[in-house]
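Here's the structure we're looking at; comments come further down.
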Amino acid sequence: MKLLVLPIVFASTAAAFAQAAQAPLPDVTTLMKQVEDHQHQLDQIRENYTYHEVVITHEFDKNGNIKKNESEEDNIFFVNGHEIDRKIKKNGKELSADEQKKEQEHVEKDVEKATKTPPGQSLDKNEVSVTRLLQIMKVSNPRREQMDNRSMIAFDFTGDPHAKTHGIAEDASKKLSGTLWIDENDRQVRRMVARFDDNFHLGFGLFSVGKGSTFTFDQKLVNNELWLPTDAQAHVVAHAIGIIGWRGDVAVTDNDYQKFHADAAQQPGATVVNPPTN
């Protein structure tokens, strides 16, 4: 009996996707506005969650061999819609008492800044939020695809050279191109794959992110309630005056999602789920 269940589930999922694929694509402008609105609506819910993040960096030499490995572990939480990172380990080691004190001071400054910065605006000029990326990009070639047994609307995108931007990261975003996948049911970003099509200069031309640098970002539905990051990868080619260049891979993994009660007690067990498309 159990052997018959799996083919039936696959057939049902395939039939549902085939039916959705025949439906007309949503209006692109309306869809993107809905994605932005949903992101804003979830800002308050995200503040009920915290999760663990691991960042591993591999630096390569000019021959492509690994030159140095570094890792960092952080606890992530949100204040006024802004992500706050609290470092807890460096290269697998707990922070010393002095490092913990400095990190606490750093977190307190970020929290204070977050309370004064409207949601959607970046706390750091070197960072850009998903919401701002959506506002900076121009999309084309909409199509329907399937991912996680859910219907996605995929787009190709490029940075809008005429978009008004503030800060280094937003300026750099205008030189990006790639593909964006939107969950059709929830109107949320499921995946983004981006690349730099040109060099982007920083620090009065003394440093630049090289053409060919690539970035991948994923997020999924947690507890059937909201979308949170699950992982990201980056391959960075950088150049500086007097330096041949820095090349490295960065891998980010997010897990151990926990939800707070109103009394601030953590509730472990928040899981990433992939419910089938209705």
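All residue names refer to the structure tokens as shown: chains lettered A, B, ... in order, residues numbered from 1 in each chain, ligands numbered from 1 in order.
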
At a cut-off of 12 Å, can you tabulate as CSV every residue of region 115-184 of chain A near region 59-82 of chain A together with its closest atom pair and the distance in Å to one decimal, using only C-alpha atoms and ordering rows by chain then number?
```
residue,atom,partner,partner_atom,distance
A:Thr115,CA,A:Asn80,CA,5.7
A:Lys116,CA,A:Asn80,CA,8.4
A:Thr117,CA,A:Asn80,CA,7.8
A:Pro118,CA,A:Asn80,CA,7.3
A:Pro119,CA,A:Gly81,CA,5.0
A:Gly120,CA,A:Gly81,CA,7.2
A:Gln121,CA,A:His82,CA,8.4
A:Ser122,CA,A:His82,CA,7.8
A:Leu123,CA,A:His82,CA,7.5
A:Asp124,CA,A:His82,CA,10.6
A:Glu127,CA,A:His82,CA,11.3
A:Val128,CA,A:His82,CA,11.0
A:Ser129,CA,A:His82,CA,9.0
A:Val130,CA,A:His82,CA,11.4
A:Thr131,CA,A:Gly81,CA,11.1
```

Go ahead and write the residues just picked, all heavy atoms, as a CSV table (one decimal), in the first residue's frame.
```csv
chain,number,residue,atom,x,y,z
A,115,THR,N,16.8,51.4,16.1
A,115,THR,CA,15.6,52.0,16.6
A,115,THR,C,15.3,53.3,16.0
A,115,THR,O,14.2,53.8,15.9
A,115,THR,CB,15.6,52.1,18.1
A,115,THR,OG1,16.7,52.9,18.5
A,115,THR,CG2,15.7,50.8,18.8
A,116,LYS,N,16.4,54.0,15.5
A,116,LYS,CA,16.2,55.3,14.9
A,116,LYS,C,16.2,55.3,13.4
A,116,LYS,O,16.0,56.3,12.7
A,116,LYS,CB,17.4,56.2,15.3
A,116,LYS,CG,17.5,56.4,16.9
A,116,LYS,CD,18.7,57.2,17.2
A,116,LYS,CE,18.8,57.4,18.7
A,116,LYS,NZ,20.0,58.1,19.1
A,117,THR,N,16.4,54.1,12.8
A,117,THR,CA,16.4,53.9,11.3
A,117,THR,C,15.1,53.3,10.8
A,117,THR,O,14.8,52.2,11.3
A,117,THR,CB,17.6,53.1,10.9
A,117,THR,OG1,18.8,53.7,11.4
A,117,THR,CG2,17.7,53.0,9.3
A,118,PRO,N,14.4,53.9,9.9
A,118,PRO,CA,13.1,53.3,9.4
A,118,PRO,C,13.4,51.9,8.8
A,118,PRO,O,14.4,51.7,8.2
A,118,PRO,CB,12.7,54.3,8.4
A,118,PRO,CG,13.3,55.6,8.7
A,118,PRO,CD,14.7,55.2,9.3
A,119,PRO,N,12.4,51.0,9.0
A,119,PRO,CA,12.5,49.7,8.3
A,119,PRO,C,12.7,49.9,6.8
A,119,PRO,O,12.1,50.7,6.2
A,119,PRO,CB,11.2,49.0,8.7
A,119,PRO,CG,10.7,49.7,10.0
A,119,PRO,CD,11.2,51.1,9.8
A,120,GLY,N,13.5,49.0,6.3
A,120,GLY,CA,13.7,49.1,4.8
A,120,GLY,C,15.0,49.8,4.4
A,120,GLY,O,15.6,49.6,3.4
A,121,GLN,N,15.4,50.7,5.3
A,121,GLN,CA,16.7,51.5,5.1
A,121,GLN,C,17.8,50.7,5.7
A,121,GLN,O,17.7,50.1,6.8
A,121,GLN,CB,16.6,52.9,5.7
A,121,GLN,CG,15.7,53.8,5.0
A,121,GLN,CD,15.8,55.2,5.5
A,121,GLN,OE1,16.7,55.6,6.2
A,121,GLN,NE2,14.8,56.1,5.2
A,122,SER,N,19.0,50.7,5.1
A,122,SER,CA,20.1,49.9,5.6
A,122,SER,C,20.8,50.6,6.7
A,122,SER,O,20.9,51.8,6.7
A,122,SER,CB,21.1,49.7,4.4
A,122,SER,OG,20.6,48.9,3.4
A,123,LEU,N,21.2,49.8,7.7
A,123,LEU,CA,22.0,50.4,8.8
A,123,LEU,C,23.4,50.8,8.4
A,123,LEU,O,24.0,51.7,9.0
A,123,LEU,CB,22.0,49.4,10.0
A,123,LEU,CG,20.7,49.1,10.7
A,123,LEU,CD1,21.0,48.1,11.8
A,123,LEU,CD2,20.1,50.3,11.3
A,124,ASP,N,23.9,50.1,7.4
A,124,ASP,CA,25.3,50.2,7.0
A,124,ASP,C,25.3,50.6,5.5
A,124,ASP,O,24.6,49.9,4.7
A,124,ASP,CB,26.1,49.0,7.3
A,124,ASP,CG,27.6,49.1,7.2
A,124,ASP,OD1,28.0,49.8,6.2
A,124,ASP,OD2,28.3,48.5,7.9
A,127,GLU,N,25.8,47.6,3.2
A,127,GLU,CA,24.8,46.6,3.1
A,127,GLU,C,23.5,47.1,2.4
A,127,GLU,O,23.3,48.3,2.3
A,127,GLU,CB,24.4,46.2,4.5
A,127,GLU,CG,25.5,45.6,5.4
A,127,GLU,CD,25.1,45.3,6.8
A,127,GLU,OE1,23.9,45.6,7.2
A,127,GLU,OE2,25.9,44.7,7.5
A,128,VAL,N,22.8,46.2,1.8
A,128,VAL,CA,21.6,46.5,1.1
A,128,VAL,C,20.5,45.5,1.4
A,128,VAL,O,20.8,44.3,1.4
A,128,VAL,CB,21.8,46.7,-0.4
A,128,VAL,CG1,22.3,45.4,-1.0
A,128,VAL,CG2,20.5,47.1,-1.1
A,129,SER,N,19.3,45.9,1.8
A,129,SER,CA,18.3,44.9,2.1
A,129,SER,C,17.6,44.3,0.9
A,129,SER,O,17.7,44.9,-0.3
A,129,SER,CB,17.2,45.6,3.0
A,129,SER,OG,16.5,46.6,2.2
A,130,VAL,N,16.9,43.2,1.0
A,130,VAL,CA,16.2,42.6,-0.1
A,130,VAL,C,15.2,43.6,-0.6
A,130,VAL,O,15.0,43.7,-1.8
A,130,VAL,CB,15.5,41.3,0.4
A,130,VAL,CG1,14.6,40.7,-0.7
A,130,VAL,CG2,16.6,40.3,0.8
A,131,THR,N,14.5,44.3,0.3
A,131,THR,CA,13.5,45.3,-0.1
A,131,THR,C,14.1,46.3,-1.0
A,131,THR,O,13.5,46.7,-2.1
A,131,THR,CB,12.8,45.9,1.1
A,131,THR,OG1,12.3,44.9,1.9
A,131,THR,CG2,11.7,46.9,0.7
```

Find the spatial neighbours of region 225-237 of chain A, counting only C-alpha atoms, within a cut-off of 8 Å - ignore same-chain residues fewer than 5 positions away - and output them as JSON, numbers by chain.
-> {"A": [42, 45, 46, 188, 209, 210, 211, 212, 213, 214, 215, 216, 217, 218, 219, 220, 245, 246, 247, 248, 249, 250, 251, 252, 253, 254, 255]}

Grab the residues selected above and save them as an mmCIF file, in the first residue's frame with N, CA and C atoms.
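The resulting again31.cif:
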```cif
data_model
loop_
_atom_site.group_PDB
_atom_site.id
_atom_site.type_symbol
_atom_site.label_atom_id
_atom_site.label_comp_id
_atom_site.auth_asym_id
_atom_site.auth_seq_id
_atom_site.Cartn_x
_atom_site.Cartn_y
_atom_site.Cartn_z
ATOM 1 N N LEU A 42 6.051 41.670 7.126
ATOM 2 C CA LEU A 42 6.684 40.642 7.947
ATOM 3 C C LEU A 42 7.758 41.193 8.867
ATOM 4 N N ILE A 45 6.821 40.608 12.466
ATOM 5 C CA ILE A 45 6.832 39.195 12.843
ATOM 6 C C ILE A 45 8.257 38.697 13.015
ATOM 7 N N ARG A 46 9.170 39.165 12.166
ATOM 8 C CA ARG A 46 10.558 38.706 12.250
ATOM 9 C C ARG A 46 11.180 39.021 13.602
ATOM 10 N N GLN A 188 6.863 36.031 -1.967
ATOM 11 C CA GLN A 188 8.113 36.244 -1.250
ATOM 12 C C GLN A 188 9.286 35.799 -2.113
ATOM 13 N N VAL A 209 35.378 45.742 -6.459
ATOM 14 C CA VAL A 209 34.841 44.394 -6.595
ATOM 15 C C VAL A 209 34.864 44.074 -8.077
ATOM 16 N N GLY A 210 35.508 42.976 -8.440
ATOM 17 C CA GLY A 210 35.755 42.685 -9.837
ATOM 18 C C GLY A 210 34.581 42.095 -10.582
ATOM 19 N N LYS A 211 34.552 42.360 -11.862
ATOM 20 C CA LYS A 211 33.584 41.754 -12.768
ATOM 21 C C LYS A 211 33.678 40.233 -12.657
ATOM 22 N N GLY A 212 32.534 39.572 -12.597
ATOM 23 C CA GLY A 212 32.521 38.123 -12.470
ATOM 24 C C GLY A 212 32.258 37.635 -11.057
ATOM 25 N N SER A 213 32.270 38.546 -10.072
ATOM 26 C CA SER A 213 31.889 38.164 -8.715
ATOM 27 C C SER A 213 30.420 37.743 -8.723
ATOM 28 N N THR A 214 30.095 36.678 -8.008
ATOM 29 C CA THR A 214 28.729 36.147 -8.030
ATOM 30 C C THR A 214 28.183 35.972 -6.615
ATOM 31 N N PHE A 215 26.862 36.032 -6.492
ATOM 32 C CA PHE A 215 26.194 35.924 -5.203
ATOM 33 C C PHE A 215 24.912 35.110 -5.359
ATOM 34 N N THR A 216 24.643 34.249 -4.404
ATOM 35 C CA THR A 216 23.398 33.484 -4.368
ATOM 36 C C THR A 216 22.782 33.615 -2.988
ATOM 37 N N PHE A 217 21.492 33.871 -2.945
ATOM 38 C CA PHE A 217 20.775 34.067 -1.683
ATOM 39 C C PHE A 217 19.511 33.209 -1.694
ATOM 40 N N ASP A 218 19.265 32.473 -0.598
ATOM 41 C CA ASP A 218 18.073 31.638 -0.475
ATOM 42 C C ASP A 218 17.353 31.938 0.825
ATOM 43 N N GLN A 219 16.030 31.853 0.787
ATOM 44 C CA GLN A 219 15.247 31.891 2.006
ATOM 45 C C GLN A 219 14.037 30.981 1.824
ATOM 46 N N LYS A 220 13.477 30.529 2.950
ATOM 47 C CA LYS A 220 12.346 29.603 2.908
ATOM 48 C C LYS A 220 11.334 29.955 3.991
ATOM 49 N N GLY A 245 45.267 40.929 -6.278
ATOM 50 C CA GLY A 245 43.824 40.744 -6.182
ATOM 51 C C GLY A 245 43.471 39.764 -5.085
ATOM 52 N N TRP A 246 42.292 39.939 -4.532
ATOM 53 C CA TRP A 246 41.793 39.025 -3.504
ATOM 54 C C TRP A 246 40.686 38.202 -4.118
ATOM 55 N N ARG A 247 40.773 36.890 -3.957
ATOM 56 C CA ARG A 247 39.736 35.996 -4.449
ATOM 57 C C ARG A 247 39.304 35.095 -3.300
ATOM 58 N N GLY A 248 38.024 34.924 -3.181
ATOM 59 C CA GLY A 248 37.557 34.081 -2.097
ATOM 60 C C GLY A 248 36.128 33.632 -2.281
ATOM 61 N N ASP A 249 35.784 32.567 -1.586
ATOM 62 C CA ASP A 249 34.422 32.061 -1.528
ATOM 63 C C ASP A 249 33.900 32.252 -0.115
ATOM 64 N N VAL A 250 32.675 32.708 -0.007
ATOM 65 C CA VAL A 250 32.031 32.899 1.288
ATOM 66 C C VAL A 250 30.756 32.083 1.310
ATOM 67 N N ALA A 251 30.590 31.241 2.329
ATOM 68 C CA ALA A 251 29.385 30.420 2.467
ATOM 69 C C ALA A 251 28.700 30.774 3.779
ATOM 70 N N VAL A 252 27.404 31.069 3.708
ATOM 71 C CA VAL A 252 26.616 31.443 4.883
ATOM 72 C C VAL A 252 25.512 30.406 5.079
ATOM 73 N N THR A 253 25.391 29.880 6.297
ATOM 74 C CA THR A 253 24.342 28.916 6.612
ATOM 75 C C THR A 253 23.555 29.414 7.817
ATOM 76 N N ASP A 254 22.235 29.431 7.702
ATOM 77 C CA ASP A 254 21.355 29.861 8.793
ATOM 78 C C ASP A 254 20.505 28.683 9.247
ATOM 79 N N ASN A 255 20.398 28.509 10.572
ATOM 80 C CA ASN A 255 19.582 27.420 11.115
ATOM 81 C C ASN A 255 19.225 27.713 12.568
#
```

Based on the backbone DSSP call, show me all residues of region 109-245 of chain A assigned helix (DSSP H, G or I), as an mmCIF file with N, CA and C atoms, in the first residue's frame.
```cif
data_model
loop_
_atom_site.group_PDB
_atom_site.id
_atom_site.type_symbol
_atom_site.label_atom_id
_atom_site.label_comp_id
_atom_site.auth_asym_id
_atom_site.auth_seq_id
_atom_site.Cartn_x
_atom_site.Cartn_y
_atom_site.Cartn_z
ATOM 1 N N LYS A 109 25.210 49.480 20.195
ATOM 2 C CA LYS A 109 25.223 50.587 19.237
ATOM 3 C C LYS A 109 24.334 50.284 18.029
ATOM 4 N N ASP A 110 24.395 49.035 17.543
ATOM 5 C CA ASP A 110 23.568 48.646 16.403
ATOM 6 C C ASP A 110 22.081 48.703 16.757
ATOM 7 N N VAL A 111 21.736 48.254 17.966
ATOM 8 C CA VAL A 111 20.339 48.282 18.402
ATOM 9 C C VAL A 111 19.840 49.718 18.486
ATOM 10 N N GLU A 112 20.660 50.598 19.065
ATOM 11 C CA GLU A 112 20.274 52.012 19.172
ATOM 12 C C GLU A 112 20.081 52.622 17.794
ATOM 13 N N LYS A 113 20.986 52.300 16.866
ATOM 14 C CA LYS A 113 20.877 52.819 15.506
ATOM 15 C C LYS A 113 19.653 52.266 14.803
ATOM 16 N N ALA A 114 19.352 50.980 15.058
ATOM 17 C CA ALA A 114 18.198 50.334 14.420
ATOM 18 C C ALA A 114 16.887 50.969 14.857
ATOM 19 N N THR A 115 16.789 51.356 16.124
ATOM 20 C CA THR A 115 15.553 51.965 16.614
ATOM 21 C C THR A 115 15.291 53.326 15.979
ATOM 22 N N LYS A 116 16.361 53.955 15.473
ATOM 23 C CA LYS A 116 16.230 55.287 14.882
ATOM 24 C C LYS A 116 16.195 55.255 13.350
ATOM 25 N N VAL A 130 16.926 43.222 1.026
ATOM 26 C CA VAL A 130 16.199 42.613 -0.086
ATOM 27 C C VAL A 130 15.157 43.591 -0.624
ATOM 28 N N THR A 131 14.501 44.307 0.280
ATOM 29 C CA THR A 131 13.482 45.269 -0.136
ATOM 30 C C THR A 131 14.075 46.334 -1.047
ATOM 31 N N ARG A 132 15.250 46.852 -0.706
ATOM 32 C CA ARG A 132 15.876 47.878 -1.535
ATOM 33 C C ARG A 132 16.341 47.317 -2.877
ATOM 34 N N LEU A 133 16.839 46.083 -2.872
ATOM 35 C CA LEU A 133 17.232 45.461 -4.140
ATOM 36 C C LEU A 133 16.053 45.369 -5.098
ATOM 37 N N LEU A 134 14.890 45.038 -4.563
ATOM 38 C CA LEU A 134 13.697 44.940 -5.399
ATOM 39 C C LEU A 134 13.355 46.290 -6.018
ATOM 40 N N GLN A 135 13.627 47.356 -5.289
ATOM 41 C CA GLN A 135 13.313 48.693 -5.781
ATOM 42 C C GLN A 135 14.338 49.181 -6.800
ATOM 43 N N ILE A 136 15.562 48.653 -6.722
ATOM 44 C CA ILE A 136 16.629 49.113 -7.603
ATOM 45 C C ILE A 136 16.650 48.365 -8.930
ATOM 46 N N ILE A 168 27.281 52.837 -0.623
ATOM 47 C CA ILE A 168 28.099 52.033 -1.513
ATOM 48 C C ILE A 168 27.363 50.812 -2.021
ATOM 49 N N ALA A 169 26.704 50.083 -1.120
ATOM 50 C CA ALA A 169 26.054 48.830 -1.509
ATOM 51 C C ALA A 169 24.925 49.068 -2.508
ATOM 52 N N GLU A 170 24.138 50.106 -2.286
ATOM 53 C CA GLU A 170 23.043 50.397 -3.213
ATOM 54 C C GLU A 170 23.578 50.843 -4.564
ATOM 55 N N ASP A 171 24.654 51.628 -4.552
ATOM 56 C CA ASP A 171 25.278 52.031 -5.820
ATOM 57 C C ASP A 171 25.776 50.803 -6.584
ATOM 58 N N ALA A 172 26.408 49.866 -5.852
ATOM 59 C CA ALA A 172 26.935 48.658 -6.479
ATOM 60 C C ALA A 172 25.817 47.811 -7.066
ATOM 61 N N SER A 173 24.644 47.839 -6.449
ATOM 62 C CA SER A 173 23.525 47.009 -6.900
ATOM 63 C C SER A 173 23.086 47.355 -8.318
#
```

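Of the listed residues (A:Thr29, A:Glu83, A:Ser96, A:Val139), A:Glu83 comes nearest to Asp43 (chain A); the distances count only C-alpha atoms.
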
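The space separating CA of Glu53 (chain A) from CA of Asn224 (chain A) comes to 20.8 Å.
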
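From CA of Met32 (chain A) back to CA of Pro161 (chain A), the distance works out to 18.4 Å.
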
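Each of A:His166, A:His52, A:Arg150, A:Arg144 was compared to Pro24 (chain A) using only C-alpha atoms, and A:Arg144 turns out to be the nearest.
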
Long-range neighbours of Asn48 (chain A) as a list in words, 8 Å cut-off, only C-alpha atoms, 4 positions minimum in chain | Gln44, Phe78, Lys259, Phe260 and His261 of chain A

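Picture a line from CA of Thr179 (chain A) to CA of His162 (chain A); it runs 19.9 Å.
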
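If only C-alpha atoms are the atoms counted, then among A:Glu184, A:Glu103, A:Asp85, A:Glu108 the closest residue to Pro142 (chain A) is A:Glu184.
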
Residue nearest Tyr51 (chain A) - candidates A:Val222, A:Ala238, A:Lys164, A:Val35, atoms counted: only C-alpha atoms = A:Val222
